[in-house]
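This is start26.cif (mmCIF, C-alpha atoms and all ligand atoms).
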data_work
loop_
_atom_site.label_atom_id
_atom_site.label_comp_id
_atom_site.auth_asym_id
_atom_site.auth_seq_id
_atom_site.Cartn_x
_atom_site.Cartn_y
_atom_site.Cartn_z
CA MET A 1 0.00 0.00 0.00
CA ASN A 2 1.29 3.42 -0.92
CA THR A 3 1.24 5.68 2.14
CA ASN A 4 2.56 8.73 0.32
CA ARG A 5 0.01 11.55 0.32
CA LEU A 6 2.07 14.18 -1.48
CA SER A 7 2.22 14.53 -5.25
CA LYS A 8 5.57 14.44 -7.04
CA THR A 9 5.39 18.15 -7.80
CA ILE A 10 4.50 19.16 -4.25
CA THR A 11 7.24 16.91 -2.86
CA ALA A 12 9.79 18.49 -5.19
CA ALA A 13 8.60 22.03 -4.32
CA LEU A 14 8.75 21.34 -0.59
CA ASN A 15 12.23 19.87 -0.89
CA VAL A 16 13.34 22.98 -2.79
CA GLN A 17 11.81 25.21 -0.12
CA MET A 18 13.51 23.15 2.58
CA THR A 19 16.88 23.93 0.95
CA LYS A 20 15.94 27.60 0.64
CA GLU A 21 15.37 27.74 4.39
CA ALA A 22 18.78 26.13 4.91
CA HIS A 23 20.25 28.75 2.56
CA ALA A 24 18.58 31.52 4.56
CA ALA A 25 20.15 30.02 7.70
CA GLN A 26 23.59 30.10 6.06
CA ILE A 27 23.11 33.75 5.10
CA TYR A 28 22.18 34.72 8.66
CA LEU A 29 25.06 32.64 9.98
CA SER A 30 27.67 34.22 7.73
CA TYR A 31 26.30 37.72 8.36
CA ALA A 32 26.41 37.04 12.12
CA ALA A 33 30.05 36.01 11.88
CA TRP A 34 30.76 39.15 9.84
CA ALA A 35 28.99 41.36 12.40
CA ASP A 36 30.86 39.78 15.28
CA LYS A 37 34.18 40.30 13.51
CA GLN A 38 33.33 44.01 13.08
CA GLY A 39 32.67 44.29 16.83
CA PHE A 40 28.86 44.49 16.49
CA SER A 41 28.15 41.84 19.11
CA GLY A 42 24.48 42.78 19.60
CA THR A 43 23.80 42.52 15.88
CA ALA A 44 25.74 39.25 15.75
CA ASN A 45 23.56 37.75 18.50
CA PHE A 46 20.42 38.81 16.68
CA LEU A 47 21.66 37.28 13.41
CA PHE A 48 22.83 34.06 15.09
CA LYS A 49 19.38 33.67 16.60
CA HIS A 50 17.82 34.11 13.18
CA ALA A 51 20.15 31.52 11.69
CA HIS A 52 18.69 29.06 14.23
CA GLU A 53 15.17 30.10 13.34
CA GLU A 54 15.76 29.49 9.64
CA ARG A 55 17.17 26.09 10.46
CA ASN A 56 14.04 25.37 12.47
CA HIS A 57 12.00 26.30 9.39
CA MET A 58 14.03 23.84 7.35
CA MET A 59 13.33 21.14 9.96
CA LYS A 60 9.65 22.01 10.02
CA ILE A 61 9.38 21.31 6.27
CA LEU A 62 11.47 18.15 6.55
CA GLU A 63 9.20 16.81 9.29
CA TYR A 64 6.08 17.66 7.28
CA ILE A 65 7.34 15.81 4.18
CA LEU A 66 8.03 12.72 6.31
CA LYS A 67 4.68 12.99 8.07
CA ARG A 68 2.93 12.88 4.71
CA GLY A 69 4.80 9.72 3.75
CA ALA A 70 6.93 11.34 1.04
CA GLU A 71 10.66 11.39 0.45
CA VAL A 72 13.03 14.01 1.81
CA VAL A 73 15.93 14.88 -0.47
CA VAL A 74 18.76 16.66 1.32
CA THR A 75 20.95 18.48 -1.20
CA ALA A 76 23.89 20.86 -1.18
CA VAL A 77 23.06 24.32 0.10
CA PRO A 78 24.14 27.26 -2.08
CA ALA A 79 26.86 29.50 -0.68
CA PRO A 80 25.64 32.44 1.39
CA LEU A 81 25.66 35.97 0.00
CA LYS A 82 28.99 37.74 0.12
CA ASN A 83 29.74 39.71 3.28
CA PRO A 84 27.94 43.03 3.65
CA THR A 85 29.90 46.25 3.36
CA SER A 86 28.16 48.04 6.25
CA ILE A 87 25.34 47.65 8.79
CA HIS A 88 23.04 49.40 6.34
CA ASP A 89 24.06 47.01 3.57
CA CYS A 90 23.62 44.06 5.97
CA PHE A 91 19.99 44.84 6.79
CA LYS A 92 19.14 45.92 3.25
CA ASN A 93 20.27 42.48 2.07
CA VAL A 94 18.49 40.72 4.94
CA PHE A 95 15.26 42.48 4.01
CA GLU A 96 15.64 41.64 0.31
CA GLN A 97 16.43 38.03 1.12
CA GLU A 98 13.26 37.75 3.23
CA VAL A 99 11.16 39.22 0.41
CA GLU A 100 12.71 36.73 -2.03
CA ASN A 101 11.93 33.85 0.32
CA THR A 102 8.34 35.03 0.61
CA LYS A 103 8.00 34.83 -3.18
CA ALA A 104 9.28 31.24 -3.11
CA ILE A 105 6.78 30.36 -0.36
CA TYR A 106 3.91 31.85 -2.38
CA LYS A 107 4.83 29.54 -5.26
CA VAL A 108 4.35 26.49 -3.03
CA VAL A 109 1.08 27.92 -1.70
CA LYS A 110 -0.15 28.52 -5.25
CA MET A 111 0.84 25.03 -6.32
CA SER A 112 -0.93 23.43 -3.36
CA LYS A 113 -4.07 25.39 -4.18
CA GLU A 114 -3.97 24.31 -7.81
CA GLU A 115 -3.55 20.67 -6.78
CA GLU A 116 -6.20 21.00 -4.08
CA ASP A 117 -3.70 19.69 -1.56
CA TRP A 118 -5.33 21.41 1.40
CA ALA A 119 -3.05 19.83 4.00
CA THR A 120 -0.02 21.43 2.33
CA TRP A 121 -1.90 24.67 1.73
CA ASN A 122 -2.74 24.78 5.42
CA PHE A 123 0.81 23.86 6.45
CA MET A 124 2.24 26.66 4.29
CA GLN A 125 0.05 29.30 5.92
CA TRP A 126 2.38 29.21 8.93
CA PHE A 127 5.23 30.26 6.62
CA VAL A 128 3.11 32.99 5.01
CA GLN A 129 2.46 34.47 8.45
CA GLU A 130 6.06 34.02 9.54
CA GLN A 131 7.31 35.91 6.48
CA VAL A 132 4.99 38.83 7.25
CA GLU A 133 6.62 39.02 10.68
CA GLU A 134 10.17 38.64 9.39
CA GLU A 135 9.73 41.15 6.58
CA THR A 136 8.28 43.65 9.05
CA LEU A 137 11.10 43.09 11.52
CA SER A 138 13.87 43.54 8.94
CA MET A 139 12.09 46.54 7.37
CA ASN A 140 11.82 48.21 10.79
CA LEU A 141 15.51 47.64 11.49
CA LEU A 142 16.44 48.99 8.08
CA ASN A 143 14.27 52.05 8.70
CA LYS A 144 15.98 52.66 12.06
CA ILE A 145 19.35 52.62 10.33
CA LYS A 146 18.07 54.93 7.58
CA ILE A 147 16.78 57.42 10.16
CA ALA A 148 20.19 57.34 11.85
CA GLY A 149 21.90 58.23 8.56
CA GLY A 150 21.94 55.02 6.51
CA GLU A 151 25.43 54.55 5.09
CA LYS A 152 26.50 57.67 6.97
CA ILE A 153 25.35 56.45 10.40
CA ASN A 154 27.68 57.86 13.08
CA GLY A 155 29.49 55.96 15.82
CA ASP A 156 27.10 56.92 18.62
CA ALA A 157 24.00 55.85 16.69
CA LEU A 158 25.71 52.64 15.62
CA TYR A 159 26.66 51.91 19.22
CA SER A 160 23.10 52.29 20.52
CA PHE A 161 21.64 50.38 17.55
CA ASP A 162 23.97 47.47 18.26
CA LYS A 163 23.20 47.61 21.97
CA ASP A 164 19.45 47.43 21.25
CA MET A 165 20.00 44.49 18.93
CA GLY A 166 21.70 42.57 21.74
CA LYS A 167 18.53 42.75 23.80
CA ASP A 168 16.60 40.71 21.24
CA ALA A 169 18.75 37.59 21.47
CA GLY A 170 16.57 35.08 23.32
CA GLU A 171 16.66 31.32 23.51
CA VAL A 172 15.91 29.49 20.29
CA ILE A 173 13.21 26.85 20.55
CA PRO A 174 13.32 23.47 18.75
CA ALA A 175 11.52 23.02 15.40
CA GLN A 176 8.77 20.79 16.80
CA ASP A 177 7.78 23.49 19.29
CA VAL A 178 7.75 26.29 16.76
CA THR A 179 4.47 28.19 16.44
CA THR A 180 3.43 31.32 14.59
CA VAL A 181 3.64 33.22 17.84
CA ASN A 182 6.99 31.67 18.74
CA PRO A 183 9.02 31.18 15.54
FE1 LIG B 201 12.24 31.01 7.02
O1 LIG B 201 11.73 32.61 7.65
FE2 LIG B 201 12.41 34.05 6.75
O2 LIG B 201 13.26 33.47 5.39
#

Do you think you could lay out the structure here as structure tokens?
Amino acid sequence: MNTNRLSKTITAALNVQMTKEAHAAQIYLSYAAWADKQGFSGTANFLFKHAHEERNHMMKILEYILKRGAEVVVTAVPAPLKNPTSIHDCFKNVFEQEVENTKAIYKVVKMSKEEEDWATWNFMQWFVQEQVEEETLSMNLLNKIKIAGGEKINGDALYSFDKDMGKDAGEVIPAQDVTTVNP
């Protein structure tokens, strides 16, 4: 008896999205290492935390594929983006990357609707909501930097921005406990 309840196309799309989440994790990870090296420890903590979150998203998709009886295909993850040139550049790229990931998520949502795979459609709504939150967060941070001068941000403003960022670094929860409220 075939216990697989995902179509070939949905399985492939979910596997692709799983790798995209891993790629997002690599980007946050490399940006965090860059920030730490520049002395921005608050920003580094924030970015490290987000690397964990993206990895949790990857795990969430992996677990869903298995739960539906389909096959997980773990592939190579593309290299992260090159290092940012400034804090402004860092958060501009983070924001753009989140928007790009949202577009990829919408493709899976669209596909699940077309195939009337309501379980996958429902599963993907968590990601739709999560992207709204992540886009808003990165947009707000980018706006803060812009208000403080963007590329021309001065040392004092940079210091307090980085200090504020350090406050956001909480404990990361495991993938199985992830909810929309607690990503
Ligand atoms: Fe996976 O949450 Fe953003 O990209």

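Each of A:His50, A:Gly39, A:Asn101, A:Ala22 was compared to Leu62 of chain A using all atoms listed in the file, and A:Ala22 turns out to be the nearest.
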
### Task
Step by step, measure atom-to-atom distances between ligand LIG 201 (chain B) and each residue using all atoms listed in the file, keep those at most 9 Å, then write them as a list in words.
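Every residue with an atom at most 9 Å from ligand LIG 201 (chain B) is listed here: Lys20, Glu21, Ala22, His23, Ala24, Ala25, His50, Glu53, Glu54, Arg55, Asn56, His57, Met58, Val94, Gln97, Glu98, Val99, Glu100, Asn101, Thr102, Phe127, Glu130, Gln131, Val132, Glu133, Glu134, Glu135 and Pro183 of chain A.
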
Can I get the selection written as a short mmCIF file (atom, residue, chain, number, x, y, z; two decimals), keeping the file's coordinate frame, with C-alpha atoms?
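Done, and the output landed in selection02.cif:
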data_model
loop_
_atom_site.label_atom_id
_atom_site.label_comp_id
_atom_site.auth_asym_id
_atom_site.auth_seq_id
_atom_site.Cartn_x
_atom_site.Cartn_y
_atom_site.Cartn_z
CA LYS A 20 15.94 27.60 0.64
CA GLU A 21 15.37 27.74 4.39
CA ALA A 22 18.78 26.13 4.91
CA HIS A 23 20.25 28.75 2.56
CA ALA A 24 18.58 31.52 4.56
CA ALA A 25 20.15 30.02 7.70
CA HIS A 50 17.82 34.11 13.18
CA GLU A 53 15.17 30.10 13.34
CA GLU A 54 15.76 29.49 9.64
CA ARG A 55 17.17 26.09 10.46
CA ASN A 56 14.04 25.37 12.47
CA HIS A 57 12.00 26.30 9.39
CA MET A 58 14.03 23.84 7.35
CA VAL A 94 18.49 40.72 4.94
CA GLN A 97 16.43 38.03 1.12
CA GLU A 98 13.26 37.75 3.23
CA VAL A 99 11.16 39.22 0.41
CA GLU A 100 12.71 36.73 -2.03
CA ASN A 101 11.93 33.85 0.32
CA THR A 102 8.34 35.03 0.61
CA PHE A 127 5.23 30.26 6.62
CA GLU A 130 6.06 34.02 9.54
CA GLN A 131 7.31 35.91 6.48
CA VAL A 132 4.99 38.83 7.25
CA GLU A 133 6.62 39.02 10.68
CA GLU A 134 10.17 38.64 9.39
CA GLU A 135 9.73 41.15 6.58
CA PRO A 183 9.02 31.18 15.54
#

### Task
Kindly give the distance, in Å, that separates atom CA of Tyr28 of chain A and atom CA of Ser41 of chain A, rounded to a single decimal.
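A separation of 14.0 Å between them.
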
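One finds atom CA of Ala44 of chain A at 16.1 Å from atom CA of Leu81 of chain A.
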
Show which residues sit within 10 Å of Gln125 of chain A, as a PDB file with C-alpha atoms, keeping the file's coordinate frame. Count only C-alpha atoms, and ignore same-chain residues fewer than 6 positions away.
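Done, and the output landed in around.pdb:
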ATOM      1  CA  ILE A 105       6.780  30.360  -0.360  1.00  0.00           C
ATOM      2  CA  TYR A 106       3.910  31.850  -2.380  1.00  0.00           C
ATOM      3  CA  VAL A 109       1.080  27.920  -1.700  1.00  0.00           C
ATOM      4  CA  GLN A 131       7.310  35.910   6.480  1.00  0.00           C
ATOM      5  CA  THR A 180       3.430  31.320  14.590  1.00  0.00           C
TER       6      THR A 180
END

### Query
Which residue, A:Cys90, A:Ala157, A:Met59, A:Val77, has the smallest gap to Met139 of chain A when you use only C-alpha atoms?
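The shortest atom-to-atom distance to Met139 of chain A comes from A:Cys90.
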
### Message
With all atoms listed in the file as the counted atoms, please give the residues lying no more than 12 Å from segment 145-148 of chain A, apart from itself and same-chain residues fewer than 4 positions off, as a PyMOL selection string.
### Response
chain A and resi 86-92+138-141+152-162+165

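Nearest-residue note for Ala104 of chain A: choosing from A:Leu6, A:Ala51, A:Ala35, A:Met18, the minimum distance belongs to A:Met18, counting all atoms listed in the file.
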
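The two atoms in question, atom CA of Lys49 of chain A and atom CA of Lys144 of chain A, are spaced 19.8 Å apart.
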
### Message
Using only C-alpha atoms, can you tell me which of A:Leu142, A:Ile61, A:Met1, A:Val128 comes closest to Thr19 of chain A?
### Response
A:Ile61

### Message
Env of segment 31-34 of chain A: 8 Å cut, atoms = only C-alpha atoms, seq-sep filter 4 positions within chain, self excluded. Answer as a list in words.
### Response
Ile27, Gln38, Thr43, Ala44, Asn45, Phe46, Leu47, Phe48, Asn83, Pro84 and Cys90 of chain A

### Nearest to Lys8 of chain A by atom-to-atom distance, counting only C-alpha atoms, from A:Ala76, A:Ala119, A:Thr85, A:Met111
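Among the listed residues, A:Met111 lies closest to Lys8 of chain A.
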
### Task
Show me as a list in words the residues that reach within 10 Å of (2.3, 4.4, 1.1), counting all atoms listed in the file and using the file's own coordinates.
Met1, Asn2, Thr3, Asn4, Arg5, Arg68, Gly69 and Ala70 of chain A

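The smallest atom-to-atom distance between Leu137 of chain A and any of A:Gln26, A:Lys110, A:Phe95, A:Ala79, using all atoms listed in the file, is found for A:Phe95.
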
Residue completion, segment 47-71 of chain A, N, CA, C and O atoms, as a PDB file, keeping the file's coordinate frame:
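File selection_5.pdb, as written:
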ATOM      1  N   LEU A  47      21.552  38.043  14.662  1.00  0.00           N
ATOM      2  CA  LEU A  47      21.660  37.280  13.410  1.00  0.00           C
ATOM      3  C   LEU A  47      21.885  35.788  13.683  1.00  0.00           C
ATOM      4  O   LEU A  47      21.346  34.938  12.958  1.00  0.00           O
ATOM      5  N   PHE A  48      22.651  35.470  14.726  1.00  0.00           N
ATOM      6  CA  PHE A  48      22.830  34.060  15.090  1.00  0.00           C
ATOM      7  C   PHE A  48      21.489  33.428  15.449  1.00  0.00           C
ATOM      8  O   PHE A  48      21.181  32.308  15.055  1.00  0.00           O
ATOM      9  N   LYS A  49      20.691  34.170  16.185  1.00  0.00           N
ATOM     10  CA  LYS A  49      19.380  33.670  16.600  1.00  0.00           C
ATOM     11  C   LYS A  49      18.523  33.392  15.349  1.00  0.00           C
ATOM     12  O   LYS A  49      17.844  32.367  15.244  1.00  0.00           O
ATOM     13  N   HIS A  50      18.609  34.299  14.392  1.00  0.00           N
ATOM     14  CA  HIS A  50      17.820  34.110  13.180  1.00  0.00           C
ATOM     15  C   HIS A  50      18.316  32.946  12.326  1.00  0.00           C
ATOM     16  O   HIS A  50      17.530  32.286  11.645  1.00  0.00           O
ATOM     17  N   ALA A  51      19.613  32.698  12.395  1.00  0.00           N
ATOM     18  CA  ALA A  51      20.150  31.520  11.690  1.00  0.00           C
ATOM     19  C   ALA A  51      19.485  30.260  12.249  1.00  0.00           C
ATOM     20  O   ALA A  51      19.064  29.369  11.505  1.00  0.00           O
ATOM     21  N   HIS A  52      19.355  30.213  13.579  1.00  0.00           N
ATOM     22  CA  HIS A  52      18.690  29.060  14.230  1.00  0.00           C
ATOM     23  C   HIS A  52      17.236  28.975  13.789  1.00  0.00           C
ATOM     24  O   HIS A  52      16.719  27.889  13.552  1.00  0.00           O
ATOM     25  N   GLU A  53      16.588  30.109  13.724  1.00  0.00           N
ATOM     26  CA  GLU A  53      15.170  30.100  13.340  1.00  0.00           C
ATOM     27  C   GLU A  53      14.990  29.548  11.931  1.00  0.00           C
ATOM     28  O   GLU A  53      14.089  28.751  11.669  1.00  0.00           O
ATOM     29  N   GLU A  54      15.867  29.983  11.021  1.00  0.00           N
ATOM     30  CA  GLU A  54      15.760  29.490   9.640  1.00  0.00           C
ATOM     31  C   GLU A  54      16.013  27.985   9.584  1.00  0.00           C
ATOM     32  O   GLU A  54      15.378  27.266   8.821  1.00  0.00           O
ATOM     33  N   ARG A  55      16.924  27.543  10.405  1.00  0.00           N
ATOM     34  CA  ARG A  55      17.170  26.090  10.460  1.00  0.00           C
ATOM     35  C   ARG A  55      15.944  25.360  11.005  1.00  0.00           C
ATOM     36  O   ARG A  55      15.591  24.282  10.536  1.00  0.00           O
ATOM     37  N   ASN A  56      15.286  25.958  11.958  1.00  0.00           N
ATOM     38  CA  ASN A  56      14.040  25.370  12.470  1.00  0.00           C
ATOM     39  C   ASN A  56      12.988  25.297  11.353  1.00  0.00           C
ATOM     40  O   ASN A  56      12.230  24.331  11.273  1.00  0.00           O
ATOM     41  N   HIS A  57      12.960  26.310  10.501  1.00  0.00           N
ATOM     42  CA  HIS A  57      12.000  26.300   9.390  1.00  0.00           C
ATOM     43  C   HIS A  57      12.314  25.146   8.435  1.00  0.00           C
ATOM     44  O   HIS A  57      11.423  24.466   7.936  1.00  0.00           O
ATOM     45  N   MET A  58      13.607  24.963   8.197  1.00  0.00           N
ATOM     46  CA  MET A  58      14.030  23.840   7.350  1.00  0.00           C
ATOM     47  C   MET A  58      13.544  22.522   7.959  1.00  0.00           C
ATOM     48  O   MET A  58      12.964  21.671   7.273  1.00  0.00           O
ATOM     49  N   MET A  59      13.742  22.370   9.268  1.00  0.00           N
ATOM     50  CA  MET A  59      13.330  21.140   9.960  1.00  0.00           C
ATOM     51  C   MET A  59      11.811  20.954   9.923  1.00  0.00           C
ATOM     52  O   MET A  59      11.305  19.840   9.815  1.00  0.00           O
ATOM     53  N   LYS A  60      11.112  22.062  10.026  1.00  0.00           N
ATOM     54  CA  LYS A  60       9.650  22.010  10.020  1.00  0.00           C
ATOM     55  C   LYS A  60       9.149  21.410   8.689  1.00  0.00           C
ATOM     56  O   LYS A  60       8.249  20.583   8.669  1.00  0.00           O
ATOM     57  N   ILE A  61       9.768  21.832   7.591  1.00  0.00           N
ATOM     58  CA  ILE A  61       9.380  21.310   6.270  1.00  0.00           C
ATOM     59  C   ILE A  61       9.790  19.834   6.156  1.00  0.00           C
ATOM     60  O   ILE A  61       9.013  18.995   5.683  1.00  0.00           O
ATOM     61  N   LEU A  62      10.995  19.538   6.607  1.00  0.00           N
ATOM     62  CA  LEU A  62      11.470  18.150   6.550  1.00  0.00           C
ATOM     63  C   LEU A  62      10.504  17.220   7.303  1.00  0.00           C
ATOM     64  O   LEU A  62      10.090  16.172   6.782  1.00  0.00           O
ATOM     65  N   GLU A  63      10.110  17.639   8.486  1.00  0.00           N
ATOM     66  CA  GLU A  63       9.200  16.810   9.290  1.00  0.00           C
ATOM     67  C   GLU A  63       7.839  16.651   8.606  1.00  0.00           C
ATOM     68  O   GLU A  63       7.225  15.587   8.647  1.00  0.00           O
ATOM     69  N   TYR A  64       7.383  17.721   7.954  1.00  0.00           N
ATOM     70  CA  TYR A  64       6.080  17.660   7.280  1.00  0.00           C
ATOM     71  C   TYR A  64       6.138  16.664   6.104  1.00  0.00           C
ATOM     72  O   TYR A  64       5.215  15.854   5.928  1.00  0.00           O
ATOM     73  N   ILE A  65       7.210  16.727   5.327  1.00  0.00           N
ATOM     74  CA  ILE A  65       7.340  15.810   4.180  1.00  0.00           C
ATOM     75  C   ILE A  65       7.275  14.358   4.678  1.00  0.00           C
ATOM     76  O   ILE A  65       6.562  13.515   4.130  1.00  0.00           O
ATOM     77  N   LEU A  66       8.018  14.084   5.752  1.00  0.00           N
ATOM     78  CA  LEU A  66       8.030  12.720   6.310  1.00  0.00           C
ATOM     79  C   LEU A  66       6.655  12.323   6.842  1.00  0.00           C
ATOM     80  O   LEU A  66       6.195  11.201   6.633  1.00  0.00           O
ATOM     81  N   LYS A  67       6.009  13.261   7.499  1.00  0.00           N
ATOM     82  CA  LYS A  67       4.680  12.990   8.070  1.00  0.00           C
ATOM     83  C   LYS A  67       3.677  12.614   6.990  1.00  0.00           C
ATOM     84  O   LYS A  67       2.756  11.842   7.221  1.00  0.00           O
ATOM     85  N   ARG A  68       3.857  13.164   5.805  1.00  0.00           N
ATOM     86  CA  ARG A  68       2.930  12.880   4.710  1.00  0.00           C
ATOM     87  C   ARG A  68       3.340  11.631   3.925  1.00  0.00           C
ATOM     88  O   ARG A  68       2.752  11.324   2.892  1.00  0.00           O
ATOM     89  N   GLY A  69       4.388  10.975   4.382  1.00  0.00           N
ATOM     90  CA  GLY A  69       4.800   9.720   3.750  1.00  0.00           C
ATOM     91  C   GLY A  69       5.626   9.889   2.483  1.00  0.00           C
ATOM     92  O   GLY A  69       5.800   8.939   1.716  1.00  0.00           O
ATOM     93  N   ALA A  70       6.146  11.090   2.260  1.00  0.00           N
ATOM     94  CA  ALA A  70       6.930  11.340   1.040  1.00  0.00           C
ATOM     95  C   ALA A  70       8.427  11.328   1.344  1.00  0.00           C
ATOM     96  O   ALA A  70       8.833  11.160   2.499  1.00  0.00           O
ATOM     97  N   GLU A  71       9.207  11.524   0.282  1.00  0.00           N
ATOM     98  CA  GLU A  71      10.660  11.390   0.450  1.00  0.00           C
ATOM     99  C   GLU A  71      11.350  12.748   0.601  1.00  0.00           C
ATOM    100  O   GLU A  71      11.134  13.664  -0.195  1.00  0.00           O
TER     101      GLU A  71
END
